[in-house]
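Following: one structure in C-alpha cells, then a few remarks.
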Amino acid sequence: MVIGVEGNVHVGKTTYIEHNFIGYYCINEIKFVKNLKDYDRQLYYIDEERKKAKLINSIDGNIVLDRTILSTLIYCFCSQKFSNNELLSLNIILSKNILNKNVCVPNIINFIIYPYDLINVNQKLIGKKKKTQMSLVDYNYYISYSLFFSNLIHDSYNIINYNNYRQILSYNDLNICQKIIKDNLIDSSLFKIEKRVLLDGAPAIGKSTIGKTQREYEYIEECKYKQYTIEDYSNQLESIIYRINLLKNNNVLIDTSFLMGITNLFYRVTTTKEFKLHIIDKIMQSVSMLYYCTNIIYLITDKNILYNRKTNDSRKKRLHFEDNLNYLEKEINFYYKIKNRLKLKSNINIIDASGTIAETINQISSLEHKPLFLVDLFYTIRELIVEDEI
C-alpha cells in the first residue's frame, strides 16, 4: 500500500508522518534545488519522481510519500513562473509520465488542511530555516493548491483527524489518474473556481424572491430548521452541517446559509463563549474544511421596510419573525466582524436591499467571485469568539 500525504507548505506533513506511520517506509519530499531555472527545476523534479517510482516498485511493504507528483503538477500550473510554451511542454511531459505509470500517483491520499493565517505564522517561525520558496506561501497559490484537491476529490472523504485547526482528510481508492488526465493532457477544469453563493439576511428582506427571480444560479431554497434547545441542539447542528454539504454543488445560490444557522444558535438566546467555541469545534470535526464558497452576501435594510414587506407577503408564515429581529444587530455585527478580520481574503458583501428586487439582483450579478475555504472562515469565526468580538 502506498499513501501520499499532501497539503500546502507548513501544514505539518512531516510531523504527521512521523507520528502516524511508524513501520512504513517513508520517502521524503524532494529537496529544493537552487541553481536551476524554474523550467529546468520542474524537469528535475519529474525525473526524481521517476526514480521514486522505481524505488517504490522495489519495496515490499507499506510506503508513505511526503508529497507526490501532484505537488509538482500544481506548481507547474499555478506558480505563473512559466511561459505558455514551457507550460504546454510540462503538461505533455507530466501527462505522459502519469499515463505510462512512470511516476507514482497513489490511490490513497491524506490531505492536511490548515488555515492560511497559521501557515503565515509558521513561515515567520521556520520559513528561513526550511528555505521555503515565498511563492509557495502566496495566498493565491494557497487557493490554487487547495482548489485542485477540492475539485479533484471533494465528493468522497473521511475525516481521520482534527486538532488545533488542522484537519486531515483521507481519500481512498480513487482513480486519480483518470480524473486528472483529459484528452492526454492535465484537465484544466481541476483549477476552475465553481460559483457557490450564500444569500443571507433578515426575515422578509426578499431572499426567496431574489432566489426565485434570478436566472444566473441554481436556487437552493431555505430549509426549515427544527426546534431545538440549548441543552439539545442536535437538530440545529444537523441542519447546519446539511447546509454546509450543499457546497459540493456548483453554480448554486443557497438561501439562508449555515452561517445563519450558527447565528441563530449563538444569539436566539444568551449563550456562553464556551458554548460557541464548542459548536465551531463540532462543525470543524464533522465536515470537510476543503469546501469553499465564492460569495457570501448579507442583505440589510431598515426594520420598518422589513415589517412592510412581511405585511405585504401574508402568504408566507414567519413564525419566528420577531425572535429573529431581536438579535438582528448581533447578526449584522457577526458578518461585519468576519469581513473585517478576513481582510483581503474576504468575499463577504453587505448589500443594501432597500430598493427593488431587480436592483438587488443586479448588485449580486456584478460581484466578483472569490473562493473562501471553510478552514479560513471557521478559523476566523473561532478567533473572534475567543476575543469576545462575536
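Ordering of the C-alpha cells sets the chain letters (A, B, ...), residue numbers begin anew at 1 in every chain, and ligands are numbered from 1 in the order given.
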
For segment 336-341 of chain A, list every protein, DNA or RNA residue within 7 Å, evaluated using only C-alpha atoms, and leave out those in the same chain fewer than 5 positions away; present the list as a ChimeraX atom specification.
/A:346,348,380-381

Within 9 Å of Asp117 of chain A, counting only C-alpha atoms, which residues show up once you throw out same-chain ones fewer than 3 positions away? Write them as an NGL selection string, please.
:A and (114 or 120-122 or 376 or 379)

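Minimum distance to Thr270 of chain A across A:Tyr335, A:Tyr75, A:Ile230, A:Phe191 (counting only C-alpha atoms) occurs at A:Ile230.
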
Which residues come within 12 Å of Gln214 of chain A, counting only C-alpha atoms, excluding same-chain residues fewer than 2 positions away, as a PyMOL selection string?
chain A and resi 206-212+216-220+252-253+357-365

Selection near segment 298-314 of chain A, 8 Å with only C-alpha atoms, sequence-local residues under 2 positions removed, as a short mmCIF file (atom, residue, chain, number, x, y, z; two decimals) with C-alpha atoms, in the first residue's frame:
```cif
data_model
loop_
_atom_site.label_atom_id
_atom_site.label_comp_id
_atom_site.auth_asym_id
_atom_site.auth_seq_id
_atom_site.Cartn_x
_atom_site.Cartn_y
_atom_site.Cartn_z
CA LEU A 199 -27.56 34.55 0.37
CA ASP A 200 -28.30 35.68 3.92
CA GLY A 201 -30.19 38.47 5.64
CA ALA A 202 -33.11 39.33 7.92
CA PRO A 203 -36.51 37.63 7.52
CA ALA A 204 -38.82 39.27 4.92
CA ILE A 205 -35.90 41.08 3.26
CA ILE A 296 -21.23 35.50 0.98
CA LYS A 316 -45.63 33.16 3.97
CA LYS A 317 -45.89 32.35 7.65
CA TYR A 335 -20.89 39.37 9.38
CA ILE A 348 -18.41 38.92 2.24
CA ASN A 349 -20.62 41.58 0.65
CA ILE A 350 -23.03 43.63 2.77
CA ILE A 351 -25.70 44.82 0.32
CA ASP A 352 -28.44 47.38 0.91
CA ALA A 353 -31.67 45.68 -0.22
CA SER A 354 -33.94 48.69 0.26
#
```

Residue neighbourhood Leu94 of chain A, 12 Å, only C-alpha atoms, exclusion window fewer than 2 positions, as a PyMOL selection string:
chain A and resi 42-43+45-47+49-50+69-77+87-92+96-105+177+180-181+184-187

Based on DSSP run over this structure's backbone, return all residues of segment 226-339 of chain A in strand (DSSP E or B), as an mmCIF file with N, CA and C atoms, in the first residue's frame.
```
data_model
loop_
_atom_site.group_PDB
_atom_site.id
_atom_site.type_symbol
_atom_site.label_atom_id
_atom_site.label_comp_id
_atom_site.auth_asym_id
_atom_site.auth_seq_id
_atom_site.Cartn_x
_atom_site.Cartn_y
_atom_site.Cartn_z
ATOM 1 N N VAL A 252 -24.481 27.462 -7.591
ATOM 2 C CA VAL A 252 -25.672 27.481 -6.737
ATOM 3 C C VAL A 252 -25.764 28.784 -5.952
ATOM 4 N N LEU A 253 -26.996 29.162 -5.659
ATOM 5 C CA LEU A 253 -27.313 30.261 -4.754
ATOM 6 C C LEU A 253 -28.083 29.643 -3.592
ATOM 7 N N ILE A 254 -27.474 29.650 -2.413
ATOM 8 C CA ILE A 254 -28.045 28.966 -1.251
ATOM 9 C C ILE A 254 -28.722 29.993 -0.345
ATOM 10 N N ASP A 255 -30.018 29.878 -0.232
ATOM 11 C CA ASP A 255 -30.840 30.799 0.565
ATOM 12 C C ASP A 255 -30.729 30.418 2.044
ATOM 13 N N TYR A 292 -15.584 25.283 -0.232
ATOM 14 C CA TYR A 292 -15.423 26.729 -0.322
ATOM 15 C C TYR A 292 -16.700 27.361 -0.866
ATOM 16 N N CYS A 293 -16.856 28.642 -0.585
ATOM 17 C CA CYS A 293 -17.913 29.440 -1.216
ATOM 18 C C CYS A 293 -17.229 30.587 -1.943
ATOM 19 N N ASN A 295 -18.988 33.649 -2.807
ATOM 20 C CA ASN A 295 -19.567 34.920 -2.362
ATOM 21 C C ASN A 295 -20.462 34.661 -1.161
ATOM 22 N N ILE A 296 -20.300 35.485 -0.148
ATOM 23 C CA ILE A 296 -21.234 35.498 0.980
ATOM 24 C C ILE A 296 -21.932 36.850 0.933
ATOM 25 N N ILE A 297 -23.225 36.821 0.711
ATOM 26 C CA ILE A 297 -23.999 38.059 0.580
ATOM 27 C C ILE A 297 -24.910 38.193 1.795
ATOM 28 N N TYR A 298 -24.806 39.332 2.457
ATOM 29 C CA TYR A 298 -25.727 39.607 3.563
ATOM 30 C C TYR A 298 -26.517 40.861 3.228
ATOM 31 N N LEU A 299 -27.842 40.708 3.144
ATOM 32 C CA LEU A 299 -28.740 41.808 2.782
ATOM 33 C C LEU A 299 -29.171 42.568 4.030
ATOM 34 N N ILE A 300 -29.163 43.885 3.939
ATOM 35 C CA ILE A 300 -29.613 44.717 5.059
ATOM 36 C C ILE A 300 -30.622 45.748 4.568
#
```

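Comparing A:Ser79, A:Ser170, A:Ser188, A:Ser58 by their smallest distance to Met134 of chain A, the closest is A:Ser79 (using only C-alpha atoms).
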
Which of segment 136-166 of chain A end up as helix (DSSP H, G or I) when DSSP is run on this backbone - answer as a ChimeraX atom specification?
/A:136,139-153

To one decimal place in Å, what is the distance between atom CA of Ile56 of chain A and atom CA of Cys26 of chain A?
10.2 Å

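Among the candidate residues A:Tyr145, A:Leu367, A:Glu389, A:Tyr267, the one lying nearest to Lys330 of chain A is A:Tyr267, with distances computed using only C-alpha atoms.
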
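The smallest atom-to-atom distance between Ile240 of chain A and any of A:Asn107, A:Arg268, A:Glu221, A:Ile280, using only C-alpha atoms, is found for A:Ile280.
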
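When only C-alpha atoms are used to measure the gap to Met1 of chain A, the shortest distance among A:Gly261, A:Gly61, A:Pro371, A:Gly355 belongs to A:Gly61.
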
Would you pick out the contacts of Tyr233 of chain A at 12 Å or less, using only C-alpha atoms, so that residues sharing its chain but fewer than 2 positions from it are not included, and give the list as a ChimeraX atom specification?
/A:225-231,235-240,261-262,264-266,275-276,278-279,282

Write out as a tab-separated table (two decimals) with C-alpha atoms, in the first residue's frame each polymer residue whose atoms come within 10 Å of Tyr162 of chain A, counting only C-alpha atoms; drop sequence neighbours fewer than 6 positions from it.
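To be explicit, this is the file written out as out.tsv:
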```tsv
chain	number	residue	atom	x	y	z
A	112	ILE	CA	-3.87	18.16	5.53
A	113	ILE	CA	-5.89	21.39	5.69
A	168	ILE	CA	-6.81	15.61	7.86
A	169	LEU	CA	-8.98	14.14	5.12
A	281	ASP	CA	-15.24	22.78	17.01
A	284	MET	CA	-14.91	21.61	12.10
A	285	GLN	CA	-14.76	17.98	13.23
A	286	SER	CA	-17.80	16.99	11.15
```
